[in-house]
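Asks: Here it is: the structure, laid out below.
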Amino acid sequence: MKRFAIVAGARPNFMKIAPILRELDQRPELTTVLIHTGQHYDRNLSDVFFEELGIRKPDISLGVGSGSHAQQTADVMVAIEKVLLEADESGQPFDRLIVVGDVNSTLAAAVAATKVHVPVAHVEAGLRSFDRSMPEEINRLVTDSISDLLLCSEPAGQENLLREGQPADRVHLVGNVMIDTLLTQVERARQRPTLSELSLEPEGYGVVTLHRPANVDDSSTLSELLQVMAEISDRLPLVFPIHPRTSARVKEFGLQSIIEAAPKVQLLEPQGYLDFLCLTSQAKVIVTDSGGLQEESTALGVPCLTMRPNTERPVTCDQGSGTLIGNSASLLREQLEAVLQGTYKQGQCPELWDGYAARRIVEVLTRS
Ligand code: UD1
């Protein structure tokens with residue numbers, strides 16, 4: 001019997017661990033301990049995902065909470081090291097730790113595990129924005145450099161890792177596990193009354209999300225982005241589920257008046273998985289700086305205007321429905337016009353984004 005641990009900490013992790021954990025729990029030769037670091041703790045950023053996606057209760061909750069990057073990373077490292085050093089009742093240590101994505105919890109768990117000689121598998125390995133000002137890029141680089149199994153969601157991930165000198169037998173293109181969850185939930189999500197509750201018509205609105213430090217932590221950048229949203233909303237009503245970081249910055253910089261002056265921008269609390277998928281799957285366009293949403297919009301075939309100068313997920317622009325906008329208001333207007341005129345490009349769903357990534361991941365994990 002092998003003993004694995006799988007770690008989740010922040011919102012985008014939960015939809016990635018759900019299908020992997022389900023596959024692992026079906027294997028009689030494995031026991032898997034689910035560790036929640038507590039990086040995200042608000043109900044709408046955490047518990048709702050467990051309930052809606054049927055993820056079992058964490059076996060261990062570390063309760064680290066918010067903090068500076070160093071503080072949060074250190075707190076997870078200290079707490080997880082303790083868990084990894086404790087053998088179970090039968091004296092069996094962990095055979096492997098699985099981490100997903102690129103949040104601080106991913107990096108911290110990978111470092112702590114490697115140092116106590118628990119091998120690490122990284123799901124969503126090899127993605128690179130080549131922009132080291134992004135905290136996630138540092139998390140990706142460090143996590144990949146110390147993981148011994150590198151499981152990639154798109155070919156660029158595989159190419160980056162091989163170019164960095166990773167041995168080919170550690171690197172596996174397995175597909176996109178976040179899309180496994182999307183495909184199993186999209187029909188259920190569309191049944192929800194979310195649109196009628198918000199007085200929206202299918203394809204008659206856009207969805208906006210913004211939370212990256214580069215977009216929301218600088219007052220003039222955030223102000224300009226909000227002004228463009230207000231302007232767009234005259235042509236297409238927008239819904240904007242607002243992340244706590246963004247909401248705090250809007251207040252801190254005194255920018256509430258821009259949103260208040262735009263009646264067709266509906267600010268919402270962070271949405272649960274199903275309500276959000278109900279919204280995104282029927283949107284005319286998505287405007288976002290989220291990594292996960294770039295992928296989800298590609299799988300849904302909904303145009304995605306990506307408010308970033310670069311992306312670590314190039315397949316979403318090369319093959320999918322995404323276009324990089326940076327923070328250029330003129331490019332945003334131009335591409336939005338194309339969406340409204342019906343001349344925006346048609347994307348395709350990338351290879352292996354087919355609902356079976358978790359199965360392929362668990363096959364690699366169990367034979368390695
Ligand atoms: C984190 C991830 C980011 C991911 C995002 C998704 C890192 C470096 N960043 O960013 O990659 O895209 O999650 O949401 O790991 N807060 C709450 N409630 C919570 C959690 C946080 O109000 O449950 C507030 C706190 O004020 C906190 C701030 O949000 O300081 C930022 O949270 P944090 O987890 O540090 O980073 P995110 O911006 O959420």
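How things are named: the first chain in the structure tokens is A, the next is B, and so on; residues count from 1 in each chain; ligands count from 1 in the order shown.
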Do you know which residues are within 8 Å of ligand 1 using only C-alpha atoms and all ligand atoms? Can you write them as number ranges by chain?
Replies: A: 10-12, 38-46, 65-69, 72, 102-106, 135-136, 139, 211-213, 243-245, 248, 290-292
Asks: Considering only strand (DSSP E) as DSSP defines it on the backbone, what residues of region 86-312 of chain A qualify? List them as a PyMOL selection string.
Replies: chain A and resi 96-100+120-123+149-152+171-173+206-209+238-241+265-268+285-288+304-306
Asks: Show me, as number ranges by chain, the residues that have an atom within 7 Å of region 276-287 of chain A when counting only C-alpha atoms, minus same-chain residues fewer than 2 positions from it.
Replies: A: 186, 189-190, 192, 194-195, 202-209, 271-274, 300, 302-307
Asks: What lies within 8 Å of Ile60 (chain A) using only C-alpha atoms, ignoring chain neighbours under 4 positions off, as a ChimeraX atom specification?
Replies: /A:33-36
Asks: Can those selected residues be exported to a file as a short mmCIF file (atom, residue, chain, number, x, y, z; two decimals), in the first residue's frame so that it contains C-alpha atoms?
Replies:
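Contents of part37.cif, freshly written:
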```
data_model
loop_
_atom_site.label_atom_id
_atom_site.label_comp_id
_atom_site.auth_asym_id
_atom_site.auth_seq_id
_atom_site.Cartn_x
_atom_site.Cartn_y
_atom_site.Cartn_z
CA VAL A 33 -4.10 12.28 2.57
CA LEU A 34 -5.70 15.59 1.54
CA ILE A 35 -3.97 18.64 3.03
CA HIS A 36 -5.62 22.10 2.90
#
```
Asks: Find the residues near Phe4 (chain A): any atom within 8 Å, counting only C-alpha atoms, skip ones fewer than 3 places away on the same chain, and give them as an MDAnalysis selection string.
Replies: chainID A and resid 30:33 94:98
Asks: Using DSSP on the backbone coordinates, identify the residues of region 144-341 of chain A assigned to alpha helix (DSSP H); present them as a ChimeraX atom specification.
Replies: /A:144-146,155-163,177-190,194-197,213-216,219-232,244-252,256-260,273-281,291-300,315-318,329-341
Asks: If we count only C-alpha atoms and set the cut-off at 12 Å, which residues sit around Ile325 (chain A), ignoring sequence neighbours fewer than 5 positions away in its own chain? Please answer as a ChimeraX atom specification.
Replies: /A:225,287-289,304-311,317,330-336
Asks: For the residues in that selection, give me C-alpha atoms as a PDB file, in the first residue's frame.
Replies:
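Result saved to out-v3.pdb:
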```pdb
ATOM      1  CA  LEU A 225      -8.941  49.574 -16.325  1.00  0.00           C
ATOM      2  CA  VAL A 287     -12.125  40.060 -19.862  1.00  0.00           C
ATOM      3  CA  THR A 288      -9.651  38.722 -17.322  1.00  0.00           C
ATOM      4  CA  ASP A 289      -6.138  38.512 -15.921  1.00  0.00           C
ATOM      5  CA  CYS A 304     -11.166  35.875 -23.835  1.00  0.00           C
ATOM      6  CA  LEU A 305      -9.481  39.291 -23.770  1.00  0.00           C
ATOM      7  CA  THR A 306      -6.512  38.699 -21.501  1.00  0.00           C
ATOM      8  CA  MET A 307      -5.462  41.795 -19.554  1.00  0.00           C
ATOM      9  CA  ARG A 308      -1.814  40.830 -19.331  1.00  0.00           C
ATOM     10  CA  PRO A 309       1.308  41.601 -21.384  1.00  0.00           C
ATOM     11  CA  ASN A 310       2.227  37.905 -21.525  1.00  0.00           C
ATOM     12  CA  THR A 311       0.795  34.497 -20.772  1.00  0.00           C
ATOM     13  CA  CYS A 317      -3.953  32.435 -27.690  1.00  0.00           C
ATOM     14  CA  SER A 330      -7.334  50.828 -27.493  1.00  0.00           C
ATOM     15  CA  LEU A 331      -6.628  47.136 -28.154  1.00  0.00           C
ATOM     16  CA  LEU A 332      -9.373  46.185 -25.742  1.00  0.00           C
ATOM     17  CA  ARG A 333     -11.865  48.429 -27.580  1.00  0.00           C
ATOM     18  CA  GLU A 334     -10.745  47.049 -30.962  1.00  0.00           C
ATOM     19  CA  GLN A 335     -11.074  43.380 -29.966  1.00  0.00           C
ATOM     20  CA  LEU A 336     -14.345  43.980 -28.202  1.00  0.00           C
TER      21      LEU A 336
END
```
Asks: How close does each residue of region 114-197 of chain A get to region 341-355 of chain A, giving the shortest atom pair and distance in Å to one decimal for every residue with an atom at most 12 Å away, counting only C-alpha atoms, sorted by chain and residue number, as JSON lines?
Replies:
```
{"residue": "A:Cys152", "atom": "CA", "partner": "A:Leu352", "partner_atom": "CA", "distance": 10.4}
{"residue": "A:Ser153", "atom": "CA", "partner": "A:Leu352", "partner_atom": "CA", "distance": 8.0}
{"residue": "A:Glu154", "atom": "CA", "partner": "A:Pro350", "partner_atom": "CA", "distance": 7.8}
{"residue": "A:Pro155", "atom": "CA", "partner": "A:Glu351", "partner_atom": "CA", "distance": 9.0}
{"residue": "A:Ala156", "atom": "CA", "partner": "A:Pro350", "partner_atom": "CA", "distance": 11.7}
{"residue": "A:His172", "atom": "CA", "partner": "A:Leu352", "partner_atom": "CA", "distance": 11.9}
{"residue": "A:Leu173", "atom": "CA", "partner": "A:Leu352", "partner_atom": "CA", "distance": 8.4}
{"residue": "A:Val174", "atom": "CA", "partner": "A:Leu352", "partner_atom": "CA", "distance": 6.8}
{"residue": "A:Gly175", "atom": "CA", "partner": "A:Leu352", "partner_atom": "CA", "distance": 4.5}
{"residue": "A:Asn176", "atom": "CA", "partner": "A:Trp353", "partner_atom": "CA", "distance": 5.2}
{"residue": "A:Val177", "atom": "CA", "partner": "A:Gly355", "partner_atom": "CA", "distance": 7.3}
{"residue": "A:Met178", "atom": "CA", "partner": "A:Gly355", "partner_atom": "CA", "distance": 8.7}
{"residue": "A:Ile179", "atom": "CA", "partner": "A:Trp353", "partner_atom": "CA", "distance": 6.1}
{"residue": "A:Asp180", "atom": "CA", "partner": "A:Gly355", "partner_atom": "CA", "distance": 3.8}
{"residue": "A:Thr181", "atom": "CA", "partner": "A:Gly355", "partner_atom": "CA", "distance": 7.3}
{"residue": "A:Leu182", "atom": "CA", "partner": "A:Gly355", "partner_atom": "CA", "distance": 8.2}
{"residue": "A:Leu183", "atom": "CA", "partner": "A:Gly355", "partner_atom": "CA", "distance": 6.2}
{"residue": "A:Thr184", "atom": "CA", "partner": "A:Gly355", "partner_atom": "CA", "distance": 7.6}
{"residue": "A:Gln185", "atom": "CA", "partner": "A:Gly355", "partner_atom": "CA", "distance": 10.8}
{"residue": "A:Val186", "atom": "CA", "partner": "A:Gly355", "partner_atom": "CA", "distance": 11.8}
```
Asks: Find the distance between CA of Gln166 (chain A) and CA of Gly126 (chain A) and write it in Å to one decimal.
Replies: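 So the two atoms, CA of Gln166 (chain A) and CA of Gly126 (chain A), lie 10.0 Å apart.
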Asks: So, with only C-alpha atoms as the atoms that count, which of A:Glu269, A:Asp275, A:Glu224, A:Asp234 lies closest to Leu255 (chain A)?
Replies: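 When distances to Leu255 (chain A) are compared using only C-alpha atoms, the smallest one comes from A:Glu224.
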Asks: Interatomic distance between CA of Gln319 (chain A) and CA of Ile20 (chain A)?
Replies: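 Those two atoms sit 25.7 Å apart.
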Asks: With only C-alpha atoms as the atoms that count, which of A:Ala262, A:Met134, A:Leu85, A:Tyr356 lies nearest to Val228 (chain A)?
Replies: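 Among the listed residues, A:Ala262 lies closest to Val228 (chain A).
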Asks: Which residues come within 9 Å of Ile55 (chain A), counting only C-alpha atoms, excluding same-chain residues fewer than 3 positions away, as a ChimeraX atom specification?
Replies: /A:14,17-19,21-22,49-52,58
